[in-house]
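What follows is start_24.txt (compact mmCIF, C-alpha atoms and all ligand atoms).
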```txt
# COMPACT_ATOMS: atom_id res chain seq x y z
CA ILE K 1 16.52 13.79 18.37
CA LYS K 2 16.16 17.45 17.42
CA LYS K 3 16.68 16.70 13.78
CA GLU K 4 13.96 14.04 13.83
CA LEU K 5 11.50 16.48 15.38
CA ILE K 6 12.02 19.13 12.74
CA LYS K 7 11.53 16.54 10.05
CA ALA K 8 8.26 15.36 11.61
CA GLU K 9 6.84 18.88 11.88
CA LYS K 10 7.72 19.76 8.33
CA PHE K 11 6.03 16.64 7.12
CA ASN K 12 2.87 17.55 9.01
CA VAL K 13 2.59 20.90 7.25
CA VAL K 14 3.19 19.25 3.92
CA SER K 15 0.41 16.73 4.52
CA GLN K 16 -2.09 19.37 5.62
CA LEU K 17 -1.43 21.36 2.46
CA ALA K 18 -1.63 18.23 0.38
CA ALA K 19 -5.02 17.34 1.82
CA SER K 20 -6.65 20.58 0.79
CA VAL K 21 -5.07 20.64 -2.65
CA ALA K 22 -5.96 17.00 -3.20
CA HIS K 23 -9.66 17.59 -2.57
CA GLU K 24 -9.71 20.42 -5.11
CA ILE K 25 -7.94 18.38 -7.76
CA ARG K 26 -9.86 15.15 -7.37
CA ASN K 27 -13.20 16.31 -8.77
CA PRO K 28 -12.02 17.76 -12.10
CA MET K 29 -9.86 14.67 -12.57
CA THR K 30 -12.85 12.40 -12.13
CA THR K 31 -14.74 14.44 -14.73
CA VAL K 32 -11.88 14.26 -17.23
CA ARG K 33 -11.59 10.51 -16.73
CA GLY K 34 -15.31 10.06 -17.31
CA PHE K 35 -15.25 11.96 -20.61
CA MET K 36 -12.15 10.09 -21.78
CA GLN K 37 -14.01 6.84 -21.23
CA LEU K 38 -16.98 8.16 -23.21
CA LEU K 39 -14.64 9.08 -26.10
CA GLN K 40 -13.30 5.56 -26.36
CA GLY K 41 -14.84 3.12 -28.81
CA ASP K 42 -15.12 2.06 -32.45
CA ARG K 43 -15.49 5.64 -33.72
CA LEU K 44 -11.81 6.19 -33.00
CA SER K 45 -8.82 4.54 -34.59
CA GLN K 46 -6.92 1.90 -32.72
CA GLU K 47 -4.08 4.34 -32.17
CA GLN K 48 -6.39 6.99 -30.76
CA ASN K 49 -7.93 4.44 -28.42
CA THR K 50 -4.46 3.48 -27.24
CA PHE K 51 -3.64 7.11 -26.49
CA ILE K 52 -6.81 7.45 -24.46
CA ASN K 53 -6.00 4.24 -22.61
CA ILE K 54 -2.60 5.61 -21.66
CA SER K 55 -4.15 8.89 -20.56
CA ILE K 56 -6.66 7.10 -18.33
CA LYS K 57 -3.90 4.97 -16.80
CA GLU K 58 -1.83 8.06 -16.05
CA LEU K 59 -4.84 9.77 -14.53
CA ASP K 60 -5.31 6.74 -12.30
CA ARG K 61 -1.69 6.93 -11.25
CA ALA K 62 -2.05 10.59 -10.33
CA GLN K 63 -5.18 9.64 -8.40
CA GLU K 64 -3.20 7.03 -6.51
CA VAL K 65 -0.61 9.60 -5.46
CA ILE K 66 -3.38 11.86 -4.23
CA ASN K 67 -5.08 9.05 -2.32
CA GLN K 68 -1.85 8.19 -0.58
CA TYR K 69 -1.32 11.81 0.42
CA LEU K 70 -4.84 11.92 1.75
CA SER K 71 -4.36 8.89 3.95
CA LEU K 72 -1.23 10.54 5.33
CA ALA K 73 -3.11 13.68 6.18
CA LYS K 74 -6.25 12.10 7.59
CA PRO K 75 -7.52 13.58 10.84
CA GLN K 76 -7.14 11.18 13.73
CA THR K 77 -10.54 11.77 15.26
CA GLU K 78 -12.44 8.92 13.64
CA GLU K 79 -14.32 6.45 15.81
CA LEU K 80 -12.49 3.17 16.25
CA GLU K 81 -14.48 0.04 15.47
CA GLU K 82 -14.17 -3.61 16.36
CA PHE K 83 -13.66 -5.66 13.23
CA SER K 84 -12.65 -9.08 12.00
CA LEU K 85 -9.00 -9.05 11.01
CA THR K 86 -9.62 -12.39 9.34
CA SER K 87 -12.10 -10.93 6.86
CA ALA K 88 -10.26 -7.59 6.49
CA PHE K 89 -7.09 -9.42 5.45
CA ASN K 90 -8.96 -11.95 3.31
CA GLU K 91 -10.69 -9.13 1.41
CA SER K 92 -7.41 -7.28 0.83
CA VAL K 93 -5.79 -10.41 -0.54
CA GLU K 94 -8.82 -10.96 -2.79
CA VAL K 95 -8.58 -7.40 -4.11
CA MET K 96 -4.93 -7.85 -5.00
CA SER K 97 -5.33 -11.36 -6.44
CA THR K 98 -6.47 -9.88 -9.75
CA TYR K 99 -3.37 -7.69 -10.02
CA ALA K 100 -1.27 -10.70 -9.03
CA ALA K 101 -2.90 -12.96 -11.62
CA MET K 102 -2.21 -10.36 -14.32
CA ASN K 103 1.46 -10.82 -13.43
CA SER K 104 1.20 -14.65 -13.22
CA ILE K 105 1.71 -14.58 -9.50
CA GLU K 106 -0.04 -16.91 -7.12
CA ILE K 107 -1.05 -15.71 -3.68
CA LYS K 108 -1.24 -18.47 -1.09
CA LYS K 109 -3.35 -17.81 1.98
CA ASP K 110 -3.06 -19.15 5.48
CA ILE K 111 -5.38 -16.93 7.47
CA GLU K 112 -6.65 -17.98 10.88
CA ASP K 113 -10.35 -17.64 11.70
CA GLY K 114 -11.74 -15.49 14.46
CA LEU K 115 -9.02 -12.82 14.77
CA VAL K 116 -10.51 -9.54 16.04
CA LEU K 117 -9.00 -6.05 16.17
CA LYS K 118 -10.01 -2.56 17.16
CA GLY K 119 -9.19 0.29 14.83
CA LEU K 120 -10.10 1.52 11.38
CA LYS K 121 -10.70 -1.41 9.08
CA LEU K 122 -10.27 0.52 5.82
CA GLU K 123 -6.99 1.99 6.98
CA LEU K 124 -5.54 -1.37 7.89
CA GLN K 125 -6.69 -2.74 4.54
CA GLN K 126 -4.74 0.08 2.91
CA VAL K 127 -1.66 -1.23 4.72
CA PHE K 128 -2.18 -4.78 3.47
CA ILE K 129 -2.88 -3.60 -0.06
CA ASN K 130 0.19 -1.36 -0.23
CA ILE K 131 2.46 -4.16 1.00
CA LEU K 132 0.89 -6.76 -1.30
CA LYS K 133 1.26 -4.36 -4.23
CA ASN K 134 4.96 -3.90 -3.49
CA ALA K 135 5.38 -7.68 -3.24
CA ILE K 136 3.79 -8.14 -6.66
CA GLU K 137 5.95 -5.38 -8.15
CA ALA K 138 9.11 -6.96 -6.71
CA ILE K 139 8.53 -10.21 -8.59
CA LYS K 140 9.77 -10.77 -12.14
CA GLU K 141 8.87 -14.43 -12.79
CA ASN K 142 7.63 -17.60 -11.06
CA GLY K 143 6.06 -15.41 -8.49
CA GLU K 144 4.65 -16.64 -5.25
CA ILE K 145 3.32 -14.64 -2.35
CA THR K 146 2.34 -16.14 0.98
CA ALA K 147 -0.14 -14.21 3.06
CA ALA K 148 -0.64 -15.44 6.61
CA ALA K 149 -2.34 -14.24 9.77
CA THR K 150 -2.35 -15.77 13.22
CA GLU K 151 -2.12 -14.97 16.90
CA ASN K 152 1.49 -15.35 18.04
CA LYS K 153 2.72 -16.68 21.35
CA ASP K 154 2.86 -13.17 22.87
CA GLY K 155 -0.86 -12.77 22.23
CA LYS K 156 -0.30 -10.33 19.35
CA ILE K 157 -1.95 -10.57 15.98
CA MET K 158 0.74 -11.33 13.44
CA VAL K 159 0.26 -10.79 9.74
CA THR K 160 3.02 -11.82 7.34
CA ILE K 161 3.35 -11.10 3.64
CA LYS K 162 6.22 -12.94 2.03
CA ASP K 163 7.36 -12.75 -1.57
CA ASN K 164 10.05 -14.47 -3.60
CA GLY K 165 10.90 -11.30 -5.51
CA ALA K 166 14.02 -9.19 -5.96
CA GLY K 167 14.67 -8.55 -2.27
CA MET K 168 16.65 -5.60 -0.95
CA PRO K 169 20.18 -5.05 0.30
CA GLN K 170 20.40 -4.43 4.07
CA GLU K 171 21.23 -0.71 3.74
CA GLN K 172 18.03 -0.18 1.77
CA LEU K 173 15.89 -1.45 4.67
CA LYS K 174 16.75 1.66 6.70
CA SER K 175 15.22 3.93 4.06
CA LEU K 176 11.87 2.11 3.95
CA GLY K 177 9.03 4.36 5.03
CA SER K 178 10.85 7.64 4.40
CA PRO K 179 8.56 9.84 2.34
CA TYR K 180 9.38 9.72 -1.40
CA TYR K 181 11.87 6.88 -1.04
CA SER K 182 11.37 4.77 -4.13
CA THR K 183 13.56 2.69 -6.42
CA LYS K 184 10.82 2.47 -9.05
CA GLU K 185 10.75 4.55 -12.19
CA LYS K 186 7.12 5.46 -11.59
CA GLY K 187 6.96 4.97 -7.84
CA THR K 188 5.50 7.48 -5.40
CA GLY K 189 7.59 6.38 -2.43
CA LEU K 190 4.56 7.04 -0.24
CA GLY K 191 3.06 3.55 0.05
CA LEU K 192 5.16 2.41 2.98
CA THR K 193 5.14 5.84 4.63
CA VAL K 194 1.36 5.43 4.85
CA CYS K 195 1.73 1.87 6.17
CA TYR K 196 4.16 2.82 8.93
CA GLN K 197 2.02 5.72 10.02
CA ILE K 198 -1.22 3.71 10.19
CA VAL K 199 0.36 0.80 12.05
CA LYS K 200 2.06 3.15 14.49
CA ARG K 201 -1.29 4.77 15.20
CA MET K 202 -2.67 1.31 15.99
CA LYS K 203 0.22 0.80 18.43
CA GLY K 204 1.62 -1.95 16.29
CA GLU K 205 4.89 -2.42 14.47
CA ILE K 206 6.22 -3.48 11.10
CA VAL K 207 9.28 -5.68 10.78
CA VAL K 208 10.97 -6.22 7.42
CA GLU K 209 13.34 -9.03 6.58
CA SER K 210 14.86 -9.22 3.13
CA GLN K 211 17.53 -10.96 1.17
CA LEU K 212 18.75 -9.59 -2.11
CA GLY K 213 17.74 -11.99 -4.86
CA ASN K 214 15.63 -14.20 -2.59
CA GLY K 215 12.69 -12.14 -1.46
CA THR K 216 11.18 -10.13 1.32
CA MET K 217 8.92 -10.71 4.28
CA PHE K 218 6.86 -7.98 5.92
CA THR K 219 5.57 -8.78 9.41
CA ILE K 220 2.85 -6.61 10.92
CA LEU K 221 2.33 -7.04 14.65
CA LEU K 222 -0.83 -5.60 16.19
CA PRO K 223 -2.25 -5.63 19.69
CA LYS K 224 -5.25 -7.95 19.92
CA HIS K 225 -8.63 -6.55 20.86
CA THR K 226 -9.90 -8.21 24.04
P1 LIG K 301 6.82 2.73 -4.25
O1 LIG K 301 6.17 1.36 -4.31
O2 LIG K 301 5.96 3.78 -4.87
O3 LIG K 301 8.22 2.73 -4.77
P2 LIG K 301 6.78 2.27 -1.41
O4 LIG K 301 6.83 3.17 -0.24
O5 LIG K 301 5.58 1.37 -1.52
O6 LIG K 301 6.92 3.16 -2.69
O7 LIG K 301 8.07 1.37 -1.41
C1 LIG K 301 9.34 1.99 -1.31
C2 LIG K 301 10.45 1.12 -1.87
O8 LIG K 301 10.67 -0.01 -1.02
C3 LIG K 301 10.19 0.52 -3.23
O9 LIG K 301 10.49 1.42 -4.28
C4 LIG K 301 11.12 -0.69 -3.22
O10 LIG K 301 12.43 -0.30 -3.55
C5 LIG K 301 11.14 -1.10 -1.76
N1 LIG K 301 10.26 -2.26 -1.50
C6 LIG K 301 9.08 -2.24 -0.84
N2 LIG K 301 8.55 -3.47 -0.77
C7 LIG K 301 9.41 -4.31 -1.39
C8 LIG K 301 9.43 -5.74 -1.64
N3 LIG K 301 8.44 -6.54 -1.25
N4 LIG K 301 10.51 -6.24 -2.30
C9 LIG K 301 11.51 -5.43 -2.70
N5 LIG K 301 11.55 -4.10 -2.50
C10 LIG K 301 10.52 -3.54 -1.85
MG MG K 302 4.42 0.80 -3.27
```
Using structure tokens, write down the structure from this file.
Amino acid sequence: IKKELIKAEKFNVVSQLAASVAHEIRNPMTTVRGFMQLLQGDRLSQEQNTFINISIKELDRAQEVINQYLSLAKPQTEELEEFSLTSAFNESVEVMSTYAAMNSIEIKKDIEDGLVLKGLKLELQQVFINILKNAIEAIKENGEITAAATENKDGKIMVTIKDNGAGMPQEQLKSLGSPYYSTKEKGTGLGLTVCYQIVKRMKGEIVVESQLGNGTMFTILLPKHT
């Protein structure tokens, strides 16, 4: 128990530092990205345009790392709102459908109408997006993702995101959510850390089932707003 505590405190300091640094870095990065985009075009050779493209992509990746740090370090004083889980989830799936289509992956939806939650809509959408992104990245070919939301028999809102991707061995499941844990060459290992933290704040839980070679299912259980 003691060990866990020390780890948690350390992480808190790290996220506070990250938040202030992130704000300072974001603005110049946005400027650089803007000028890179202005540089692009017919005046440059194809090779030069490719280099700029790569630079912009890498800038976006750095931006993503920063965004994930920021959501870890967010103050917890924001006003909670009542919102439609149905539309929040639908919108998140829509956002990721483009990324999925680029990878020839179909996302099937089975989302119940009229589900309502209390919390921060944008934060929960970040959870859905991070998990959907991982699902897409776990798939090599003939990809299919099933996104479903319903009220379960215990009166909880249950969201499931299932993929037929690479899956994970059982011992890997224990590491999920630890900061910086990633098996990807260019991963941040922060996506799930953010998810676990947000869902915990909403007094919900995340359950992961996975079979190596067959795929993974993330289940997010949340208390219903009454
Ligand atoms: P990142 O995506 O940057 O690696 P995450 O925190 O989002 O960081 O995920 C951590 C790790 O969990 C991934 O690197 C991957 O090994 C594993 N993982 C997460 N989701 C899935 C999934 N749907 N299928 C297989 N592995 C997954
Ligand atoms: Mg990820």
Ranking K:Leu117, K:Leu222, K:Ala166, K:Ala100 by minimum distance to K:Ser210 and counting all atoms listed in the file, which one comes first?
K:Ala166
May I have the residues within 12 Å of K:Thr183 as a list in words, using all atoms listed in the file and disregarding those fewer than 4 positions away in the same chain?
Asn134, Glu137, Ala138, Ala166, Met168, Gln172, Ser175, Leu176, Gly187, Thr188, Gly189 and Leu190 of chain K
Please extract the residues at most 9 Å from ligand LIG 301 (chain K), counting all atoms listed in the file, and provide them as a PyMOL selection string, using the chain letters and residue numbers of this document.
chain K and resi 65+130-139+161-168+172-173+175-195+208+210+212+215-218
Using all atoms listed in the file, which of the listed residues (K:Ser20, K:Asn103, K:Gln40, K:Gln68) sits closest to ligand MG 302 (chain K)?
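Among the listed residues, K:Gln68 lies closest to ligand MG 302 (chain K).
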Pick out the closest residue to ligand MG 302 (chain K) from this set: K:Glu58, K:Asp42, K:Glu64, K:Glu94. Count all atoms listed in the file.
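Counting all atoms listed in the file, the residue closest to ligand MG 302 (chain K) is K:Glu64.
Between ligand MG 302 (chain K) and the candidates K:Gln126, K:Gln211, K:Asn142, K:Thr219, the tightest atom-to-atom separation, counting only C-alpha atoms and all ligand atoms, involves K:Gln126.
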Which value, in Å to one decimal, gives the distance between atom CA of K:Glu151 and atom CA of K:Lys174?
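Those two atoms sit 27.1 Å apart.
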Using all atoms listed in the file - which residues lie no farther than 12 Å from the point (-10.0, 1.2, 7.4) in the file's frame? Write them as a ChimeraX atom specification.
/K:71,74,78-85,88-89,91-92,117-129,195,198-199,202
Using atom CA of K:Ser104 and atom CA of K:Gln63 as the two end points, give the distance in Å to one decimal.
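These two atoms are separated by 25.6 Å.
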Let me make sure I understand: among K:Asn214, K:Ala148, K:Lys140, K:Arg61, which one has the smallest atom-to-atom distance to ligand MG 302 (chain K) if we use only C-alpha atoms and all ligand atoms?
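Among K:Asn214, K:Ala148, K:Lys140, K:Arg61, it is K:Arg61 that comes nearest to ligand MG 302 (chain K).
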Between atom CA of K:Glu112 and atom CA of K:Val93, what is the spacing in Å?
13.7 Å
Regenerate stretch 121-148 of chain K at the level of N, CA and C atoms and dump it as a CSV table (one decimal), keeping the file's coordinate frame.
```
chain,number,residue,atom,x,y,z
K,121,LYS,N,-10.9,-0.3,10.0
K,121,LYS,CA,-10.7,-1.4,9.1
K,121,LYS,C,-10.1,-1.0,7.7
K,122,LEU,N,-10.7,0.1,7.2
K,122,LEU,CA,-10.3,0.5,5.8
K,122,LEU,C,-8.8,0.9,5.8
K,123,GLU,N,-8.4,1.6,6.9
K,123,GLU,CA,-7.0,2.0,7.0
K,123,GLU,C,-6.0,0.8,7.0
K,124,LEU,N,-6.4,-0.2,7.8
K,124,LEU,CA,-5.5,-1.4,7.9
K,124,LEU,C,-5.5,-2.1,6.6
K,125,GLN,N,-6.7,-2.1,5.9
K,125,GLN,CA,-6.7,-2.7,4.5
K,125,GLN,C,-5.8,-2.0,3.6
K,126,GLN,N,-5.7,-0.7,3.7
K,126,GLN,CA,-4.7,0.1,2.9
K,126,GLN,C,-3.3,-0.4,3.1
K,127,VAL,N,-3.0,-0.7,4.4
K,127,VAL,CA,-1.7,-1.2,4.7
K,127,VAL,C,-1.4,-2.5,4.0
K,128,PHE,N,-2.4,-3.5,4.1
K,128,PHE,CA,-2.2,-4.8,3.5
K,128,PHE,C,-2.0,-4.6,2.0
K,129,ILE,N,-2.9,-3.8,1.4
K,129,ILE,CA,-2.9,-3.6,-0.1
K,129,ILE,C,-1.6,-3.0,-0.5
K,130,ASN,N,-1.1,-2.0,0.2
K,130,ASN,CA,0.2,-1.4,-0.2
K,130,ASN,C,1.3,-2.4,-0.2
K,131,ILE,N,1.4,-3.2,0.9
K,131,ILE,CA,2.5,-4.2,1.0
K,131,ILE,C,2.3,-5.3,0.0
K,132,LEU,N,1.1,-5.7,-0.3
K,132,LEU,CA,0.9,-6.8,-1.3
K,132,LEU,C,1.3,-6.2,-2.7
K,133,LYS,N,0.9,-5.0,-2.9
K,133,LYS,CA,1.3,-4.4,-4.2
K,133,LYS,C,2.8,-4.3,-4.4
K,134,ASN,N,3.5,-3.9,-3.4
K,134,ASN,CA,5.0,-3.9,-3.5
K,134,ASN,C,5.5,-5.3,-3.7
K,135,ALA,N,4.9,-6.3,-3.1
K,135,ALA,CA,5.4,-7.7,-3.2
K,135,ALA,C,5.2,-8.1,-4.7
K,136,ILE,N,4.1,-7.8,-5.3
K,136,ILE,CA,3.8,-8.1,-6.7
K,136,ILE,C,4.8,-7.4,-7.6
K,137,GLU,N,5.0,-6.2,-7.3
K,137,GLU,CA,6.0,-5.4,-8.2
K,137,GLU,C,7.4,-5.8,-8.0
K,138,ALA,N,7.7,-6.5,-6.9
K,138,ALA,CA,9.1,-7.0,-6.7
K,138,ALA,C,9.4,-8.3,-7.5
K,139,ILE,N,8.4,-8.9,-8.0
K,139,ILE,CA,8.5,-10.2,-8.6
K,139,ILE,C,8.6,-10.1,-10.1
K,140,LYS,N,9.6,-10.8,-10.7
K,140,LYS,CA,9.8,-10.8,-12.1
K,140,LYS,C,9.1,-12.0,-12.7
K,141,GLU,N,9.5,-13.2,-12.2
K,141,GLU,CA,8.9,-14.4,-12.8
K,141,GLU,C,8.8,-15.5,-11.7
K,142,ASN,N,7.9,-16.5,-12.0
K,142,ASN,CA,7.6,-17.6,-11.1
K,142,ASN,C,7.3,-17.0,-9.7
K,143,GLY,N,6.4,-16.1,-9.7
K,143,GLY,CA,6.1,-15.4,-8.5
K,143,GLY,C,5.2,-16.2,-7.5
K,144,GLU,N,5.5,-16.1,-6.3
K,144,GLU,CA,4.6,-16.6,-5.2
K,144,GLU,C,4.6,-15.7,-4.0
K,145,ILE,N,3.5,-15.5,-3.6
K,145,ILE,CA,3.3,-14.6,-2.4
K,145,ILE,C,2.6,-15.5,-1.3
K,146,THR,N,3.1,-15.4,-0.1
K,146,THR,CA,2.3,-16.1,1.0
K,146,THR,C,1.8,-15.1,2.0
K,147,ALA,N,0.5,-15.1,2.1
K,147,ALA,CA,-0.1,-14.2,3.1
K,147,ALA,C,-0.7,-15.0,4.2
K,148,ALA,N,-0.2,-14.7,5.4
K,148,ALA,CA,-0.6,-15.4,6.6
K,148,ALA,C,-1.0,-14.5,7.8
```
